[in-house]
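All remarks here apply to the structure that follows.
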Amino acid sequence: MSEENQNIHFELTEELVERVELLVEEQKDKELQALLKEYHYADIAEILDELNLEEAIYVIKLLDSETTSDVLMELDEDNREKVLKNLSAKEIAEEVEELDTDDAADMIAELPEERQQEVIEKIEDEEHKEEIKELLAYDEDTAGGLMAKELVKVYETWTVAGCLRRIRGQAEEVTRVHSIYVVTKDEKLIGRLSLKDLIVAKNDQKIADIYISNVDSVTVDEDAEEVAKVMAKYDLEAIPVVDENKTLLGRITIDDIVDVLKEEAEKDYQLAAGITGDVDSDDSIIELTKARLPWLFLGLIGGIGAFLIMEGFEEAFKGEALILFFFTPLIAAMAGNVGVQSSAIIVQGLANDEVKGSVNSRLIKEMLLAALNGLILAIFLFFFVWAAKGEINTAFAISVSLVAVIIIAGLIGTFVPLFLDKRGIDPAIATGPFITTSNDILGILLYFWIAKMILGI
C-alpha cells in the first residue's frame, strides 16, 4: 500500500490476525515485515491488540524504530503496559526519541518511577531529554501535561528573508505546522504569523510589521477540560501554551484534545452508571468490585429507606386503600426517570458550557416542564385507575401524587448537578444511582403523604 493510500478505511479481520500469528510462529520475518508495511501504524496496533504478549513483542521488535514508537502509542493502555515491561530501558528510550515530546512524556509517565529514571538516563538527545523532564513535572490534567515542545516560532525583529531560512530548520522537528508564533526577544508570545502574509511580504520587511497580534492562548496550569472548551469554541487545530508572564512554552494540538474529550466522556458515562474510578471490562474482579460496590451499597440503603417509609404507612393503607401499594413501583420509577432526564440535560449543558442564566430561572423552567409532563401522564393514569377499579377518589389521589412527584424529581434533577458544579464536584454523579435513589425515596414518601391527605385516611 502506497503512502498516499494509507488512510483508506481498515477493518480488522480474523483471517488477517491468523495470518500474522502464522508468520510469527514460522518466524518468516521478511514476509511479516512486508505484510505490515502495507498498513498504517494505528492498524498495526489494532492487530497487536489481538495477539498474545509474546507474539506482540516479537512483531514490535521486527518493526523499524519510528513505526514501533507510533504503534506503542496506539496500543490499548493495558497491552502497552505489558509490552513496556518486557522491553529494556534502552529499547524504550530509543522509541521515546522518535516521539514528539508530549507523547514521549505520556509514555514515560506510565512507567514505575524507578523505571522512568532508567529510561530518561538512556535518552541520548540531551535537548529532548530535558524537554521530556520539563513536561513530566506538570499535572497530566493541565495544559502543561498536554503540550508538546515542538513548534515553529519567529522573533519580531527578524526580517522576512531571515525568517524563511530559520523556519525551514524548525519545521523539520515538527510533525505538522499548524501555526507560526511570534515572540519578543525574551520569548513572550505577542502574536501569530500568516503563511500567506509571509510569502507575499518583501524580503527586507520586519516580522513586527506583518504579524497578527490577535492570538488565543492558554496558561500552563489551565485545566485540560477548559483547554478543550476553548479549542472547540474557536475551532482551533492548535493552541499555544504560556506561563503567567506570557512566555511561550509549547503548543497543544487537536489530537490531544480529542483524547481528553474521549476520556472525559468515558469517565462521565461510568459515573452516570454508578461506577467510580477508571476501570474497564478487562480489569480484575477486585478492581471492578471496588468501583461498583459504593453505588450499589447506596442503592441498598435507598431500598431500605423505601421499605421503612412503606412500613410506616402500613396501618393507614388497608382494605380499599391497599391498591395504593400496588402503584408504588410506578411512582418510584417515574421519579427516578424524570430525575435522570433532568440531570442528564443539565450535565450535558455544563460539559458543553451551554448552561446560561441563574439557577432560579433554570428551576422555574424545569418546574413548568415537569408540571406539563406530569399533568399529561396523570390524566392518562387517572382514567386507567378509574376504569380498572371504579374508585374516583383513589384515582384522583394517585394522579395528583404523580404530578407532585414528577415536579419534585425534575427540580432535584436540575438543582443537584448545578449545585455540584458550583462546588467543583463532577456533576455527572448526579445522573447515576445517586439521583435515582434519592428520587425513589422522596417520591414514595410524597406519594403516600399526598394520598393519605386526599383520602383522609
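How things are named: the first chain in the C-alpha cells is A, the next is B, and so on; residues count from 1 in each chain; ligands count from 1 in the order shown.
Here the strand (DSSP E or B) residues in range 168-245 of chain A, by DSSP on the backbone, are Ile180, Tyr181, Val182, Val183, Lys188, Leu189, Ile190, Gly191, Arg192, Leu193, Lys206, Ile212, Val218, Thr219, Asp223, Ala238, Ile239, Pro240, Val241 and Val242 of chain A.
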Written selection (C-alpha atoms) as a compact mmCIF listing (two decimals), in the first residue's frame:
```txt
# COMPACT_ATOMS: atom_id res chain seq x y z
CA ILE A 180 3.78 30.17 13.30
CA TYR A 181 4.07 32.02 16.61
CA VAL A 182 5.70 35.42 17.03
CA VAL A 183 7.69 36.17 20.20
CA LYS A 188 6.97 36.39 25.26
CA LEU A 189 4.14 35.45 22.89
CA ILE A 190 2.80 38.51 21.08
CA GLY A 191 1.03 37.09 18.04
CA ARG A 192 0.96 34.70 15.11
CA LEU A 193 2.16 34.85 11.55
CA LYS A 206 10.34 43.08 9.60
CA ILE A 212 -1.21 39.31 13.63
CA VAL A 218 -3.92 29.08 27.45
CA THR A 219 -1.83 29.16 30.61
CA ASP A 223 -7.41 22.57 33.33
CA ALA A 238 -3.61 24.01 17.84
CA ILE A 239 -3.23 26.49 20.68
CA PRO A 240 -0.06 27.93 22.25
CA VAL A 241 0.68 27.45 25.96
CA VAL A 242 2.19 30.27 28.01
```
Env of range 156-160 of chain A: 6 Å cut, atoms = only C-alpha atoms, seq-sep filter 6 positions within chain, self excluded. Answer as an NGL selection string. :A and (184 or 203-208)
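Shell of Leu32 in chain A at 8 Å, with only C-alpha atoms counted and residues fewer than 5 places along the chain excluded, is Val20, Leu23 and Val24 of chain A.
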For the residues selected in the previous step, produce a file with all heavy atoms as a short mmCIF file (atom, residue, chain, number, x, y, z; two decimals), in the first residue's frame.
```
data_model
loop_
_atom_site.label_atom_id
_atom_site.label_comp_id
_atom_site.auth_asym_id
_atom_site.auth_seq_id
_atom_site.Cartn_x
_atom_site.Cartn_y
_atom_site.Cartn_z
N VAL A 20 -0.99 -13.27 10.56
CA VAL A 20 0.13 -12.70 11.33
C VAL A 20 0.63 -13.72 12.34
O VAL A 20 1.84 -13.90 12.51
CB VAL A 20 -0.30 -11.39 12.02
CG1 VAL A 20 0.78 -10.91 12.99
CG2 VAL A 20 -0.60 -10.30 11.00
N LEU A 23 2.72 -16.35 10.59
CA LEU A 23 4.04 -15.84 10.18
C LEU A 23 4.96 -15.70 11.38
O LEU A 23 6.17 -15.93 11.26
CB LEU A 23 3.88 -14.49 9.48
CG LEU A 23 3.19 -14.52 8.10
CD1 LEU A 23 2.98 -13.11 7.57
CD2 LEU A 23 4.02 -15.35 7.11
N VAL A 24 4.41 -15.32 12.53
CA VAL A 24 5.21 -15.23 13.75
C VAL A 24 5.67 -16.62 14.17
O VAL A 24 6.84 -16.83 14.51
CB VAL A 24 4.40 -14.56 14.89
CG1 VAL A 24 5.14 -14.67 16.22
CG2 VAL A 24 4.14 -13.08 14.56
#
```
Near range 50-64 of chain A, counting only C-alpha atoms, which residues have an atom at most 12 Å away, once you skip same-chain residues fewer than 3 positions from it, shown as a PyMOL selection string? chain A and resi 12-37+41+43-47+67-72+75-76+78-88+91-92+94-95+98
Fewer than 3 positions away in the same chain doesn't count, so skip those; otherwise give me all residues within 6 Å of range 402-410 of chain A, counting only C-alpha atoms, as number ranges by chain. A: 335, 338-339, 342, 367, 370-371, 374-375, 399, 413, 439, 443
Kindly export the residues of the current selection with N, CA and C atoms, as a short mmCIF file (atom, residue, chain, number, x, y, z; two decimals), in the first residue's frame.
```
data_model
loop_
_atom_site.label_atom_id
_atom_site.label_comp_id
_atom_site.auth_asym_id
_atom_site.auth_seq_id
_atom_site.Cartn_x
_atom_site.Cartn_y
_atom_site.Cartn_z
N ALA A 335 -40.33 8.83 39.25
CA ALA A 335 -39.47 9.79 39.94
C ALA A 335 -38.02 9.64 39.48
N VAL A 338 -37.61 10.74 35.63
CA VAL A 338 -37.66 12.19 35.43
C VAL A 338 -36.40 12.85 35.99
N GLY A 339 -35.94 12.38 37.16
CA GLY A 339 -34.72 12.94 37.74
C GLY A 339 -33.51 12.73 36.86
N SER A 342 -33.75 15.05 33.70
CA SER A 342 -33.43 16.44 34.02
C SER A 342 -31.95 16.63 34.27
N MET A 367 -39.62 23.31 36.50
CA MET A 367 -40.87 23.09 37.22
C MET A 367 -42.06 23.14 36.26
N ALA A 370 -41.90 20.00 34.03
CA ALA A 370 -42.32 18.81 34.79
C ALA A 370 -43.82 18.83 35.05
N ALA A 371 -44.36 20.01 35.33
CA ALA A 371 -45.80 20.13 35.59
C ALA A 371 -46.61 19.75 34.36
N GLY A 374 -46.14 15.99 33.80
CA GLY A 374 -46.85 15.29 34.87
C GLY A 374 -48.36 15.32 34.69
N LEU A 375 -48.89 16.47 34.25
CA LEU A 375 -50.33 16.62 34.05
C LEU A 375 -50.83 15.69 32.95
N SER A 399 -53.17 10.25 40.90
CA SER A 399 -52.82 11.18 39.81
C SER A 399 -52.18 12.46 40.34
N GLY A 413 -33.39 16.89 39.99
CA GLY A 413 -32.51 16.54 38.89
C GLY A 413 -31.84 17.74 38.26
N ASN A 439 -34.50 10.21 44.49
CA ASN A 439 -35.84 10.49 43.97
C ASN A 439 -36.82 9.36 44.28
N GLY A 443 -39.90 10.30 46.32
CA GLY A 443 -41.13 10.09 45.57
C GLY A 443 -42.13 9.24 46.32
#
```
List the spatial neighbours of Lys229 in chain A as a PyMOL selection string - criterion: any atom at most 12 Å away, only C-alpha atoms, same-chain residues fewer than 4 positions off excluded. chain A and resi 218+222-225+233-236+239+254+257-258+260-261+350-354
Keeping only N, CA, C and O atoms, write the selected residues to a file as an mmCIF file, in the first residue's frame.
```cif
data_model
loop_
_atom_site.group_PDB
_atom_site.id
_atom_site.type_symbol
_atom_site.label_atom_id
_atom_site.label_comp_id
_atom_site.auth_asym_id
_atom_site.auth_seq_id
_atom_site.Cartn_x
_atom_site.Cartn_y
_atom_site.Cartn_z
ATOM 1 N N VAL A 218 -3.499 29.567 26.132
ATOM 2 C CA VAL A 218 -3.921 29.082 27.451
ATOM 3 C C VAL A 218 -2.703 29.069 28.363
ATOM 4 O O VAL A 218 -1.566 28.925 27.893
ATOM 5 N N GLU A 222 -3.750 25.660 33.174
ATOM 6 C CA GLU A 222 -5.173 25.596 32.816
ATOM 7 C C GLU A 222 -5.646 24.142 32.806
ATOM 8 O O GLU A 222 -4.944 23.243 32.339
ATOM 9 N N ASP A 223 -6.853 23.913 33.323
ATOM 10 C CA ASP A 223 -7.413 22.569 33.334
ATOM 11 C C ASP A 223 -7.626 22.064 31.908
ATOM 12 O O ASP A 223 -8.018 22.820 31.022
ATOM 13 N N ALA A 224 -7.364 20.769 31.707
ATOM 14 C CA ALA A 224 -7.458 20.178 30.362
ATOM 15 C C ALA A 224 -8.850 20.343 29.762
ATOM 16 O O ALA A 224 -8.993 20.594 28.556
ATOM 17 N N GLU A 225 -9.890 20.212 30.572
ATOM 18 C CA GLU A 225 -11.255 20.373 30.074
ATOM 19 C C GLU A 225 -11.509 21.792 29.589
ATOM 20 O O GLU A 225 -12.197 22.005 28.586
ATOM 21 N N LYS A 233 -14.578 26.028 21.027
ATOM 22 C CA LYS A 233 -15.302 27.286 20.809
ATOM 23 C C LYS A 233 -14.760 28.047 19.608
ATOM 24 O O LYS A 233 -15.528 28.572 18.791
ATOM 25 N N TYR A 234 -13.431 28.101 19.501
ATOM 26 C CA TYR A 234 -12.817 28.881 18.426
ATOM 27 C C TYR A 234 -12.368 28.026 17.243
ATOM 28 O O TYR A 234 -11.692 28.524 16.342
ATOM 29 N N ASP A 235 -12.728 26.723 17.266
ATOM 30 C CA ASP A 235 -12.441 25.818 16.153
ATOM 31 C C ASP A 235 -10.948 25.819 15.813
ATOM 32 O O ASP A 235 -10.553 26.010 14.668
ATOM 33 N N LEU A 236 -10.110 25.591 16.825
ATOM 34 C CA LEU A 236 -8.660 25.641 16.661
ATOM 35 C C LEU A 236 -8.067 24.253 16.460
ATOM 36 O O LEU A 236 -8.514 23.284 17.079
ATOM 37 N N ILE A 239 -3.187 25.293 19.842
ATOM 38 C CA ILE A 239 -3.230 26.491 20.676
ATOM 39 C C ILE A 239 -1.923 26.588 21.459
ATOM 40 O O ILE A 239 -1.429 25.580 21.981
ATOM 41 N N ILE A 254 -4.900 19.334 18.274
ATOM 42 C CA ILE A 254 -6.269 18.821 18.356
ATOM 43 C C ILE A 254 -6.321 17.339 18.705
ATOM 44 O O ILE A 254 -7.264 16.871 19.355
ATOM 45 N N ILE A 257 -6.511 16.927 22.354
ATOM 46 C CA ILE A 257 -7.813 17.354 22.878
ATOM 47 C C ILE A 257 -8.879 16.292 22.618
ATOM 48 O O ILE A 257 -9.759 16.067 23.452
ATOM 49 N N VAL A 258 -8.799 15.634 21.484
ATOM 50 C CA VAL A 258 -9.733 14.534 21.199
ATOM 51 C C VAL A 258 -9.596 13.442 22.257
ATOM 52 O O VAL A 258 -10.595 12.884 22.735
ATOM 53 N N VAL A 260 -8.590 13.890 25.338
ATOM 54 C CA VAL A 260 -9.163 14.436 26.580
ATOM 55 C C VAL A 260 -10.680 14.290 26.575
ATOM 56 O O VAL A 260 -11.285 13.842 27.560
ATOM 57 N N LEU A 261 -11.310 14.666 25.471
ATOM 58 C CA LEU A 261 -12.766 14.579 25.368
ATOM 59 C C LEU A 261 -13.245 13.140 25.483
ATOM 60 O O LEU A 261 -14.264 12.853 26.124
ATOM 61 N N LEU A 350 -23.648 21.641 31.013
ATOM 62 C CA LEU A 350 -22.474 22.097 31.760
ATOM 63 C C LEU A 350 -21.192 21.665 31.055
ATOM 64 O O LEU A 350 -20.218 22.425 30.985
ATOM 65 N N ALA A 351 -21.186 20.439 30.526
ATOM 66 C CA ALA A 351 -19.998 19.925 29.831
ATOM 67 C C ALA A 351 -19.698 20.732 28.578
ATOM 68 O O ALA A 351 -18.534 20.953 28.231
ATOM 69 N N ASN A 352 -20.753 21.185 27.910
ATOM 70 C CA ASN A 352 -20.586 21.961 26.669
ATOM 71 C C ASN A 352 -20.593 23.464 26.900
ATOM 72 O O ASN A 352 -20.594 24.244 25.947
ATOM 73 N N ASP A 353 -20.617 23.846 28.187
ATOM 74 C CA ASP A 353 -20.625 25.263 28.568
ATOM 75 C C ASP A 353 -21.821 26.001 27.968
ATOM 76 O O ASP A 353 -21.714 27.138 27.521
ATOM 77 N N GLU A 354 -22.979 25.322 27.967
ATOM 78 C CA GLU A 354 -24.179 25.902 27.365
ATOM 79 C C GLU A 354 -25.221 26.321 28.399
ATOM 80 O O GLU A 354 -26.278 26.833 28.049
#
```
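The spacing separating CA of Gly303 in chain A from CA of Ala344 in chain A amounts to 22.8 Å.
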Separating CA of Thr253 in chain A from CA of Glu130 in chain A, to the nearest tenth of an Å, is a gap of 20.9 Å
Counting only C-alpha atoms, the residue among A:Ala93, A:Leu381, A:Val347, A:Val416 that lies closest to Ala265 in chain A is A:Val347
I'd like a table as CSV: residues in range 216-254 of chain A with an atom no more than 8 Å from range 148-153 of chain A, each row giving the shortest atom pair and its distance in Å to one decimal, only C-alpha atoms counted, sorted by chain and rising residue number.
```
residue,atom,partner,partner_atom,distance
A:Leu249,CA,A:Lys149,CA,6.8
A:Gly250,CA,A:Lys149,CA,4.5
A:Arg251,CA,A:Ala148,CA,5.6
A:Ile252,CA,A:Ala148,CA,6.3
```
File of the preceding selection, N, CA and C atoms, as a PDB file, in the first residue's frame:
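As a result, result.pdb now contains:
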```pdb
ATOM      1  N   LEU A 249       5.692  28.482  25.951  1.00  0.00           N
ATOM      2  CA  LEU A 249       6.267  27.229  26.466  1.00  0.00           C
ATOM      3  C   LEU A 249       6.077  26.046  25.526  1.00  0.00           C
ATOM      4  N   GLY A 250       4.968  26.024  24.799  1.00  0.00           N
ATOM      5  CA  GLY A 250       4.682  24.893  23.928  1.00  0.00           C
ATOM      6  C   GLY A 250       3.356  25.088  23.220  1.00  0.00           C
ATOM      7  N   ARG A 251       2.835  24.015  22.670  1.00  0.00           N
ATOM      8  CA  ARG A 251       1.543  24.082  21.987  1.00  0.00           C
ATOM      9  C   ARG A 251       0.772  22.785  22.211  1.00  0.00           C
ATOM     10  N   ILE A 252      -0.536  22.879  22.142  1.00  0.00           N
ATOM     11  CA  ILE A 252      -1.411  21.712  22.256  1.00  0.00           C
ATOM     12  C   ILE A 252      -2.125  21.547  20.925  1.00  0.00           C
TER      13      ILE A 252
END
```
